[in-house]
Every structure is written in C-alpha cells, then in structure tokens.
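File shown: entry_38.txt (compact mmCIF, C-alpha atoms).
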# COMPACT_ATOMS: atom_id res chain seq x y z
CA MET A 155 76.43 111.71 119.93
CA ILE A 156 77.91 111.94 116.47
CA PRO A 157 75.54 110.83 113.68
CA ILE A 158 77.02 108.30 111.26
CA ASN A 159 76.46 110.70 108.36
CA ASN A 160 79.32 112.93 109.59
CA PHE A 161 81.82 110.13 109.07
CA LEU A 162 80.30 109.07 105.74
CA VAL A 163 80.41 112.63 104.37
CA LEU A 164 84.01 113.06 105.57
CA SER A 165 85.05 109.85 103.81
CA SER A 166 83.22 110.95 100.62
CA ILE A 167 85.16 114.23 100.63
CA LEU A 168 88.48 112.43 101.20
CA PHE A 169 87.75 109.90 98.45
CA SER A 170 86.80 112.65 95.96
CA LEU A 171 90.00 114.56 96.73
CA GLY A 172 91.90 111.32 96.08
CA ILE A 173 90.12 110.90 92.72
CA TYR A 174 91.02 114.49 91.82
CA GLY A 175 94.68 113.86 92.74
CA VAL A 176 94.90 110.63 90.73
CA LEU A 177 93.37 112.29 87.65
CA ALA A 178 95.13 115.68 87.81
CA ARG A 179 98.63 114.85 89.02
CA ARG A 180 101.25 113.64 86.56
CA ASN A 181 104.03 112.56 88.89
CA ALA A 182 103.81 108.89 89.84
CA VAL A 183 104.72 109.52 93.52
CA LEU A 184 101.98 112.14 93.86
CA ILE A 185 99.44 109.78 92.25
CA LEU A 186 100.44 107.14 94.79
CA MET A 187 99.84 109.61 97.65
CA SER A 188 96.36 110.34 96.27
CA VAL A 189 95.65 106.61 96.20
CA GLU A 190 96.63 106.50 99.89
CA LEU A 191 94.02 109.19 100.59
CA MET A 192 91.37 107.08 98.86
CA LEU A 193 92.35 104.03 100.95
CA GLN A 194 92.03 106.14 104.11
CA ALA A 195 88.52 107.19 103.09
CA VAL A 196 87.54 103.56 102.57
CA SER A 197 88.95 102.61 106.00
CA ILE A 198 86.92 105.36 107.71
CA ASN A 199 83.79 104.07 105.97
CA PHE A 200 84.45 100.45 106.97
CA ILE A 201 85.07 101.31 110.62
CA ALA A 202 82.07 103.65 110.80
CA PHE A 203 79.75 100.94 109.47
CA ALA A 204 81.29 98.36 111.82
CA VAL A 205 80.90 100.37 115.04
CA TYR A 206 77.49 101.86 114.22
CA LEU A 207 75.57 99.21 112.31
CA SER A 208 77.08 95.76 113.02
CA PRO A 209 78.80 95.79 116.45
CA GLN A 210 78.22 92.02 116.85
CA ALA A 211 80.20 90.91 113.80
CA PHE A 212 82.39 94.05 113.29
CA THR A 213 83.61 92.69 109.95
CA GLY A 214 84.39 96.24 108.84
CA LEU A 215 87.00 96.66 111.57
CA ILE A 216 88.77 93.45 110.55
CA PHE A 217 88.58 94.52 106.91
CA ALA A 218 90.19 97.86 107.79
CA VAL A 219 93.13 95.96 109.32
CA PHE A 220 93.57 94.13 106.01
CA VAL A 221 93.20 97.37 104.02
CA ILE A 222 96.12 98.85 105.96
CA THR A 223 98.19 95.67 105.46
CA ILE A 224 97.61 95.59 101.71
CA ALA A 225 98.24 99.34 101.47
CA ALA A 226 101.68 98.84 103.04
CA ALA A 227 102.52 96.09 100.53
CA GLU A 228 101.17 98.22 97.67
CA VAL A 229 103.28 101.26 98.63
CA GLY A 230 106.46 99.18 98.77
CA LEU A 231 105.87 97.58 95.36
CA ALA A 232 104.66 100.77 93.67
CA LEU A 233 107.68 102.74 94.84
CA ALA A 234 110.00 100.00 93.55
CA ILE A 235 108.26 100.19 90.16
CA ILE A 236 108.54 104.02 90.14
CA LEU A 237 112.25 103.72 90.95
CA ARG A 238 112.64 101.27 88.07
CA LEU A 239 110.77 103.63 85.73
CA TYR A 240 113.01 106.50 86.77
CA ARG A 241 116.13 104.43 86.14
CA ASN A 242 114.97 103.40 82.65
CA LYS A 243 113.37 106.65 81.45
CA SER A 244 114.96 109.16 83.90
CA THR A 245 111.51 110.56 84.69
CA ALA A 246 108.69 109.76 87.10
CA ASN A 247 106.10 111.48 84.89
CA VAL A 248 103.36 109.02 83.93
CA ASP A 249 102.65 110.89 80.66
CA GLU A 250 106.13 110.02 79.42
CA ALA A 251 105.84 106.33 80.34
CA ASP A 252 104.26 105.36 77.01
CA MET A 253 106.53 102.51 75.94
CA MET A 254 103.59 100.11 75.61
CA LYS A 255 101.52 102.52 73.50
CA TRP A 256 101.42 101.90 69.75
CA MET B 181 75.84 120.69 118.58
CA THR B 182 77.15 118.34 121.24
CA TYR B 183 80.75 118.41 122.43
CA GLU B 184 81.48 115.16 120.60
CA GLU B 185 80.52 116.80 117.34
CA VAL B 186 82.80 119.74 118.14
CA ILE B 187 85.68 117.27 118.62
CA PHE B 188 84.73 115.59 115.35
CA TYR B 189 84.96 118.87 113.45
CA VAL B 190 88.24 119.80 115.17
CA ILE B 191 89.72 116.54 113.82
CA ALA B 192 87.89 116.48 110.47
CA VAL B 193 88.98 119.96 109.37
CA PRO B 194 92.76 119.15 109.45
CA THR B 195 92.01 115.89 107.63
CA VAL B 196 90.33 117.69 104.73
CA VAL B 197 92.83 120.58 104.74
CA GLY B 198 95.69 118.07 104.59
CA ALA B 199 94.00 116.17 101.74
CA ILE B 200 93.48 119.40 99.77
CA GLY B 201 97.15 120.24 100.37
CA VAL B 202 98.22 116.83 99.06
CA VAL B 203 96.42 117.26 95.75
CA THR B 204 97.11 120.98 95.16
CA ALA B 205 100.53 121.84 96.69
CA ARG B 206 103.06 123.12 94.13
CA ASN B 207 106.00 121.71 96.09
CA VAL B 208 106.08 117.92 96.29
CA VAL B 209 107.73 117.89 99.74
CA HIS B 210 104.93 120.13 101.07
CA SER B 211 102.55 117.63 99.52
CA ALA B 212 104.15 114.81 101.53
CA LEU B 213 103.98 116.86 104.75
CA PHE B 214 100.29 117.57 104.13
CA LEU B 215 99.84 113.81 103.68
CA ILE B 216 101.33 113.25 107.17
CA LEU B 217 98.88 115.81 108.62
CA SER B 218 95.96 114.11 106.91
CA LEU B 219 96.99 110.58 107.94
CA LEU B 220 97.52 111.52 111.61
CA SER B 221 94.12 113.28 111.67
CA VAL B 222 92.55 110.12 110.29
CA ALA B 223 94.12 108.31 113.25
CA GLY B 224 92.21 110.81 115.44
CA ILE B 225 89.00 109.94 113.58
CA PHE B 226 89.69 106.25 114.31
CA ILE B 227 90.03 107.02 118.04
CA LEU B 228 86.74 108.93 117.86
CA LEU B 229 85.19 105.79 116.35
CA SER B 230 86.56 103.85 119.38
CA ALA B 231 88.96 101.85 117.16
CA GLU B 232 92.11 102.54 119.20
CA PHE B 233 93.96 99.53 117.81
CA LEU B 234 93.57 100.79 114.24
CA ALA B 235 94.61 104.29 115.32
CA ILE B 236 97.87 102.88 116.72
CA VAL B 237 98.45 100.84 113.56
CA GLN B 238 97.68 103.93 111.49
CA VAL B 239 100.27 106.06 113.28
CA LEU B 240 102.90 103.30 113.13
CA ILE B 241 102.45 102.19 109.51
CA TYR B 242 101.19 105.33 107.77
CA GLY B 243 102.64 108.09 109.91
CA GLY B 244 105.97 106.30 110.12
CA ALA B 245 106.74 103.83 107.36
CA VAL B 246 104.65 104.95 104.38
CA THR B 247 105.50 108.66 104.53
CA ILE B 248 109.20 107.92 104.99
CA LEU B 249 109.06 105.60 101.94
CA VAL B 250 107.30 108.28 99.89
CA LEU B 251 109.89 110.90 100.87
CA PHE B 252 112.69 108.46 99.97
CA ALA B 253 111.12 107.84 96.55
CA MET B 254 110.84 111.60 95.99
CA MET B 255 114.52 112.11 96.69
CA LEU B 256 115.63 109.12 94.60
CA THR B 257 113.54 110.19 91.59
CA ARG B 258 114.47 113.90 91.93
CA VAL B 259 110.87 115.11 91.53
CA ARG B 260 111.89 118.47 92.99
CA ASP B 261 114.01 119.23 89.95
CA LEU B 262 111.04 118.82 87.61
CA PRO B 263 108.40 121.24 88.93
CA ALA B 264 106.81 121.69 85.49
CA ALA B 265 105.48 118.14 85.45
CA LEU B 266 103.21 118.43 88.50
CA ASP B 267 99.75 118.85 87.02
CA GLY B 268 98.48 118.06 83.55
CA PRO B 269 96.07 119.96 81.29
CA GLN B 270 93.37 117.54 82.46
CA ARG B 271 92.87 119.45 85.74
CA PRO B 272 89.39 120.89 84.99
CA PHE B 273 88.14 117.48 83.89
CA ALA B 274 89.60 115.90 87.00
CA ALA B 275 87.86 118.51 89.18
CA LEU B 276 84.60 117.88 87.32
CA ALA B 277 84.83 114.10 87.76
CA ALA B 278 85.77 114.33 91.44
CA GLY B 279 83.05 116.92 92.12
CA ALA B 280 80.42 114.80 90.38
CA PHE B 281 81.48 111.73 92.37
CA MET B 282 81.40 113.69 95.63
CA ALA B 283 77.90 115.02 94.92
CA VAL B 284 76.50 111.59 94.05
CA SER B 285 78.25 109.87 96.96
CA ILE B 286 77.24 112.41 99.63
CA PHE B 287 73.67 112.54 98.33
CA SER B 288 73.27 108.76 98.33
CA MET B 289 74.85 108.37 101.79
CA VAL B 290 72.72 111.09 103.40
CA SER B 291 69.48 110.00 101.77
CA THR B 292 69.88 106.30 102.62
CA ASP B 293 67.97 105.07 105.64
CA TRP B 294 70.55 102.90 107.44
CA PRO B 295 69.23 99.94 109.42
CA GLY B 296 69.93 100.06 113.15
CA GLU B 297 70.99 102.92 115.39
CA THR B 298 72.86 105.60 113.51
CA ASP B 299 73.93 107.89 116.34
CA LYS B 300 75.49 105.56 118.88
CA ILE B 301 79.08 104.30 118.69
CA ASN B 302 79.37 100.74 120.02
CA VAL B 303 82.75 100.22 121.66
CA ILE B 304 84.56 97.15 120.34
CA SER B 305 87.49 96.18 122.55
CA ILE B 306 90.95 95.18 121.29
CA GLU B 307 90.36 91.80 122.97
CA GLN B 308 87.34 91.12 120.77
CA ILE B 309 89.24 92.15 117.64
CA GLY B 310 92.14 89.86 118.53
CA ASN B 311 89.82 86.93 119.24
CA ASP B 312 88.02 87.33 115.93
CA LEU B 313 91.21 87.94 113.95
CA PHE B 314 92.81 84.70 115.14
CA THR B 315 89.71 82.47 114.97
CA THR B 316 87.19 83.54 112.31
CA TRP B 317 89.71 85.39 110.17
CA ALA B 318 92.78 83.21 110.76
CA VAL B 319 93.16 82.11 107.11
CA PRO B 320 92.97 85.64 105.61
CA PHE B 321 95.40 86.72 108.32
CA GLU B 322 97.96 84.12 107.22
CA VAL B 323 97.39 84.97 103.56
CA ALA B 324 98.05 88.64 104.40
CA SER B 325 101.43 87.72 105.88
CA LEU B 326 102.24 85.80 102.68
CA VAL B 327 101.21 88.83 100.59
CA LEU B 328 103.52 91.05 102.66
CA MET B 329 106.45 88.68 102.16
CA VAL B 330 105.89 88.42 98.39
CA ALA B 331 105.61 92.23 98.18
CA LEU B 332 108.86 92.58 100.12
CA LEU B 333 110.72 90.17 97.81
CA GLY B 334 109.18 91.78 94.72
CA ALA B 335 110.21 95.27 95.85
CA ILE B 336 113.80 94.09 96.42
CA VAL B 337 113.98 92.36 93.02
CA LEU B 338 112.46 95.34 91.19
CA ALA B 339 114.56 98.03 92.86
CA ARG B 340 117.89 96.16 92.84
CA GLY B 341 118.42 96.21 89.08
CA GLU B 342 120.09 93.68 86.78
CA GLU B 343 123.60 92.31 87.05
CA GLY B 344 126.30 94.52 85.62
CA GLU B 345 124.09 97.59 85.44

Please express the file's structure as structure tokens.
Amino acid sequence: MIPINNFLVLSSILFSLGIYGVLARRNAVLILMSVELMLQAVSINFIAFAVYLSPQAFTGLIFAVFVITIAAAEVGLALAIILRLYRNKSTANVDEADMMKW
Amino acid sequence: MTYEEVIFYVIAVPTVVGAIGVVTARNVVHSALFLILSLLSVAGIFILLSAEFLAIVQVLIYGGAVTILVLFAMMLTRVRDLPAALDGPQRPFAALAAGAFMAVSIFSMVSTDWPGETDKINVISIEQIGNDLFTTWAVPFEVASLVLMVALLGAIVLARGEEGE
C-alpha cells in the first residue's frame, strides 16, 4: 500500500527541478528539456489523483493522455523555432536572443 | 515499509537522480541521457499507478521520439561547441525560487486532507480508458489530432527556411 503522498512529493520534487532548470540554464534546448521534466511531474500528479481519488470518472488519466500529446507537438515546434534562431543568430543561447528588446 | 513502497523508492530514486542530472550536467549530451533515464523511470511510476497504457505511450513517445528530437536539435545547433553558455549568473536565484516552490508545494500537499481513500490504488483498465476517450472525450480527442497536424506543418514551415536561402 503506497500512500498518495509519496507520488505527490515525487512530482513536487520533479517540478521544482524543472523550475530550477528553466531559470538557471541558458541554452534553449536545455530549457526545453527542463520543461519536459515539469510536464512529467504534472502527469504523475494527474494520474495519482485519478487512480486514488476519482476512480469512477478518472478524468486525470484522460488528461495525462492529452498532456503527452500536446507535449509532443510542443517539442516539435519548439525545436523548429530553436533551429530557426540558430540559423539567424548562430547561437541557441536565450540571453543573446534579444532582437525584440529595446 | 511494505514491499510496494520499496518498489516505489527503487523507481523514484532514478527518476530524481535523472532529473538532477538533466539540470546540472556540464555536458549537454549527458544531460539528454539523464533525461532518458528520468523519463523511463517515470514510465515505471505509471505502471506502479496501474496506468499501463500511459506507461507504453510514455516509452514510445518520450523514450523514443522526444529524446531523439532533442539529440538532433543539439547536433544541429552545435551546443557542444559552446560549453561556456550552459548556466547563467542567475543560478543561486533559480535555486532559491525552485527550493521555495518545493517547500510550499510539499508542505501543502502533505498537510491537505484528501477526500476518499488515500492508500489504495484503484485499477482502471485500458478498456475503460478507451471507452471514455472515444465517447465522453471524443471532441477533445479530435481537436488533439488537429493540434498535432498543425504543429507538424508549423515545424516543417519554420525549419525549412525561405526560398533562395
């Protein structure tokens, strides 16, 4: 019998590590990987709540399916944008992508 | 500690170790390999939560497609040649923000009194998921396929470049 808190604490830790990665990293690809970690944490939370607390409706499980779908679309688009950025500025460093800054 | 909890910790430790590797590794390719470790361990967590379907999807989409895409992007943007630009001077602030969030989040989750049974996993079969996905959630399902197609076209248009470039 695993208490639900184990899963919730695990997903909190994963999400916080994702926040740290997004804030500390400067390379766009690494930031994207940290965002993936955060999405994973959210999926764990959704599934945990679905199987523990609402097994009749299990909306969380369905939502996790959509999270994974949207994450796949997001990765494809984001990598295309990073490729574009690299072609225009020959860098993938987000600190140097300041064309829209006054 | 029951044997289920032991299995949980055996799977949870690689997940967290992989996540720490992703955000701290000095070599970006090591970072991507740590991401694979973390994502596959999360698939194990899904199996532990009796969501086998999502575990399979996780291994197929994340373990396969997403990590390959990330590695491709790393090679095309030559991140390995620019090791100096890994972390910024904002690292301590990032650690502070993430630590503060973790403290608040863990405290609020542990102190909340969840309604219903909180130590029993209810098994939801793939059959039930499929039934619900194609009846109650049929419209969002179709919209998701549209989103995927638009993302595919957008990625092609963005990455292809202009004529005569």

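The residue set within 9 Å of Val205 of chain A, counting only C-alpha atoms and dropping same-chain residues fewer than 3 places from it, reads Phe200, Ile201, Ala202, Ser208, Pro209, Gln210, Phe212, Gly214 and Leu215 of chain A; Leu229, Ser230, Ala231, Lys300, Ile301, Asn302, Val303 and Ile304 of chain B.
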
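We find atom CA of Ile235 of chain A and atom CA of Ala245 of chain B to be spaced 17.6 Å apart.
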
request  = Dump as a PyMOL selection string the residues of chain A that approach chain B to within 7 Å, counting all atoms listed in the file.
outcome  = chain A and resi 155-159+162-163+166-168+170-171+173-175+177-181+183+188+202+205-207+209+216+219+226-227+229-231+233-235+237-238+240+246-247

Output as lines of an AutoDock Vina configuration file the centre and edge lengths (Å, one decimal) of the box along x, y and z of the file that holds every listed atom of segment 164-179 of chain A after adding 6 Å on each side.
center_x = 90.9
center_y = 112.8
center_z = 96.6
size_x = 27.4
size_y = 17.8
size_z = 29.9

message = One decimal, in Å: what's the spacing between atom CA of Ala232 of chain A and atom CA of Glu190 of chain A?
response = 11.7 Å

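Between atom CA of Lys255 of chain A and atom CA of Leu239 of chain A the separation is 15.4 Å.
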
key: Among the residues A:Ala182, A:Met187, A:Asn199, A:Ala211, the one that comes closest to Ala251 of chain A [using all atoms listed in the file]   = A:Ala182

Mind completing segment 223-254 of chain A with N, CA and C atoms? Output as a PDB file, in the coordinates of the input, please?
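The file below, result30.pdb, is the result:
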ATOM      1  N   THR A 223      97.131  96.622 105.821  1.00  0.00           N
ATOM      2  CA  THR A 223      98.190  95.670 105.460  1.00  0.00           C
ATOM      3  C   THR A 223      98.495  95.723 103.968  1.00  0.00           C
ATOM      4  N   ILE A 224      97.417  95.614 103.162  1.00  0.00           N
ATOM      5  CA  ILE A 224      97.610  95.590 101.710  1.00  0.00           C
ATOM      6  C   ILE A 224      98.162  96.921 101.228  1.00  0.00           C
ATOM      7  N   ALA A 225      97.738  98.025 101.872  1.00  0.00           N
ATOM      8  CA  ALA A 225      98.240  99.340 101.470  1.00  0.00           C
ATOM      9  C   ALA A 225      99.747  99.411 101.683  1.00  0.00           C
ATOM     10  N   ALA A 226     100.238  98.821 102.787  1.00  0.00           N
ATOM     11  CA  ALA A 226     101.680  98.840 103.040  1.00  0.00           C
ATOM     12  C   ALA A 226     102.411  98.061 101.950  1.00  0.00           C
ATOM     13  N   ALA A 227     101.891  96.872 101.587  1.00  0.00           N
ATOM     14  CA  ALA A 227     102.520  96.090 100.530  1.00  0.00           C
ATOM     15  C   ALA A 227     102.489  96.851  99.208  1.00  0.00           C
ATOM     16  N   GLU A 228     101.349  97.503  98.933  1.00  0.00           N
ATOM     17  CA  GLU A 228     101.170  98.220  97.670  1.00  0.00           C
ATOM     18  C   GLU A 228     102.157  99.380  97.561  1.00  0.00           C
ATOM     19  N   VAL A 229     102.347 100.119  98.663  1.00  0.00           N
ATOM     20  CA  VAL A 229     103.280 101.260  98.630  1.00  0.00           C
ATOM     21  C   VAL A 229     104.687 100.771  98.324  1.00  0.00           C
ATOM     22  N   GLY A 230     105.111  99.684  98.993  1.00  0.00           N
ATOM     23  CA  GLY A 230     106.460  99.180  98.770  1.00  0.00           C
ATOM     24  C   GLY A 230     106.677  98.789  97.319  1.00  0.00           C
ATOM     25  N   LEU A 231     105.728  98.024  96.742  1.00  0.00           N
ATOM     26  CA  LEU A 231     105.870  97.580  95.360  1.00  0.00           C
ATOM     27  C   LEU A 231     105.811  98.738  94.387  1.00  0.00           C
ATOM     28  N   ALA A 232     104.843  99.659  94.606  1.00  0.00           N
ATOM     29  CA  ALA A 232     104.660 100.770  93.670  1.00  0.00           C
ATOM     30  C   ALA A 232     105.894 101.654  93.644  1.00  0.00           C
ATOM     31  N   LEU A 233     106.487 101.892  94.820  1.00  0.00           N
ATOM     32  CA  LEU A 233     107.680 102.740  94.840  1.00  0.00           C
ATOM     33  C   LEU A 233     108.842 102.057  94.148  1.00  0.00           C
ATOM     34  N   ALA A 234     108.941 100.716  94.275  1.00  0.00           N
ATOM     35  CA  ALA A 234     110.000 100.000  93.550  1.00  0.00           C
ATOM     36  C   ALA A 234     109.795 100.146  92.056  1.00  0.00           C
ATOM     37  N   ILE A 235     108.537 100.057  91.592  1.00  0.00           N
ATOM     38  CA  ILE A 235     108.260 100.190  90.160  1.00  0.00           C
ATOM     39  C   ILE A 235     108.594 101.617  89.684  1.00  0.00           C
ATOM     40  N   ILE A 236     108.246 102.633  90.520  1.00  0.00           N
ATOM     41  CA  ILE A 236     108.540 104.020  90.140  1.00  0.00           C
ATOM     42  C   ILE A 236     110.055 104.219  90.035  1.00  0.00           C
ATOM     43  N   LEU A 237     110.786 103.624  90.978  1.00  0.00           N
ATOM     44  CA  LEU A 237     112.250 103.720  90.950  1.00  0.00           C
ATOM     45  C   LEU A 237     112.803 103.115  89.667  1.00  0.00           C
ATOM     46  N   ARG A 238     112.243 101.978  89.288  1.00  0.00           N
ATOM     47  CA  ARG A 238     112.640 101.270  88.070  1.00  0.00           C
ATOM     48  C   ARG A 238     112.362 102.152  86.842  1.00  0.00           C
ATOM     49  N   LEU A 239     111.155 102.745  86.836  1.00  0.00           N
ATOM     50  CA  LEU A 239     110.770 103.630  85.730  1.00  0.00           C
ATOM     51  C   LEU A 239     111.730 104.796  85.623  1.00  0.00           C
ATOM     52  N   TYR A 240     112.095 105.356  86.773  1.00  0.00           N
ATOM     53  CA  TYR A 240     113.010 106.500  86.770  1.00  0.00           C
ATOM     54  C   TYR A 240     114.375 106.081  86.238  1.00  0.00           C
ATOM     55  N   ARG A 241     114.815 104.866  86.586  1.00  0.00           N
ATOM     56  CA  ARG A 241     116.130 104.430  86.140  1.00  0.00           C
ATOM     57  C   ARG A 241     116.142 104.203  84.628  1.00  0.00           C
ATOM     58  N   ASN A 242     115.010 103.688  84.080  1.00  0.00           N
ATOM     59  CA  ASN A 242     114.970 103.400  82.650  1.00  0.00           C
ATOM     60  C   ASN A 242     114.691 104.624  81.804  1.00  0.00           C
ATOM     61  N   LYS A 243     113.792 105.498  82.265  1.00  0.00           N
ATOM     62  CA  LYS A 243     113.370 106.650  81.450  1.00  0.00           C
ATOM     63  C   LYS A 243     113.844 107.976  82.027  1.00  0.00           C
ATOM     64  N   SER A 244     114.553 107.960  83.142  1.00  0.00           N
ATOM     65  CA  SER A 244     114.960 109.160  83.900  1.00  0.00           C
ATOM     66  C   SER A 244     113.830 110.177  84.051  1.00  0.00           C
ATOM     67  N   THR A 245     112.627 109.689  84.343  1.00  0.00           N
ATOM     68  CA  THR A 245     111.510 110.560  84.690  1.00  0.00           C
ATOM     69  C   THR A 245     110.521 109.745  85.511  1.00  0.00           C
ATOM     70  N   ALA A 246     109.764 110.435  86.376  1.00  0.00           N
ATOM     71  CA  ALA A 246     108.690 109.760  87.100  1.00  0.00           C
ATOM     72  C   ALA A 246     107.339 110.288  86.627  1.00  0.00           C
ATOM     73  N   ASN A 247     107.336 110.910  85.438  1.00  0.00           N
ATOM     74  CA  ASN A 247     106.100 111.480  84.890  1.00  0.00           C
ATOM     75  C   ASN A 247     105.345 110.386  84.138  1.00  0.00           C
ATOM     76  N   VAL A 248     104.093 110.142  84.535  1.00  0.00           N
ATOM     77  CA  VAL A 248     103.360 109.020  83.930  1.00  0.00           C
ATOM     78  C   VAL A 248     102.999 109.300  82.479  1.00  0.00           C
ATOM     79  N   ASP A 249     102.956 110.591  82.059  1.00  0.00           N
ATOM     80  CA  ASP A 249     102.650 110.890  80.660  1.00  0.00           C
ATOM     81  C   ASP A 249     103.768 110.452  79.729  1.00  0.00           C
ATOM     82  N   GLU A 250     104.994 110.389  80.272  1.00  0.00           N
ATOM     83  CA  GLU A 250     106.130 110.020  79.420  1.00  0.00           C
ATOM     84  C   GLU A 250     106.384 108.515  79.433  1.00  0.00           C
ATOM     85  N   ALA A 251     105.680 107.778  80.298  1.00  0.00           N
ATOM     86  CA  ALA A 251     105.840 106.330  80.340  1.00  0.00           C
ATOM     87  C   ALA A 251     104.870 105.702  79.350  1.00  0.00           C
ATOM     88  N   ASP A 252     105.185 105.844  78.044  1.00  0.00           N
ATOM     89  CA  ASP A 252     104.260 105.360  77.010  1.00  0.00           C
ATOM     90  C   ASP A 252     104.920 104.301  76.133  1.00  0.00           C
ATOM     91  N   MET A 253     105.822 103.508  76.730  1.00  0.00           N
ATOM     92  CA  MET A 253     106.530 102.510  75.940  1.00  0.00           C
ATOM     93  C   MET A 253     105.605 101.446  75.365  1.00  0.00           C
ATOM     94  N   MET A 254     104.484 101.178  76.069  1.00  0.00           N
ATOM     95  CA  MET A 254     103.590 100.110  75.610  1.00  0.00           C
ATOM     96  C   MET A 254     102.480 100.634  74.708  1.00  0.00           C
TER      97      MET A 254
END
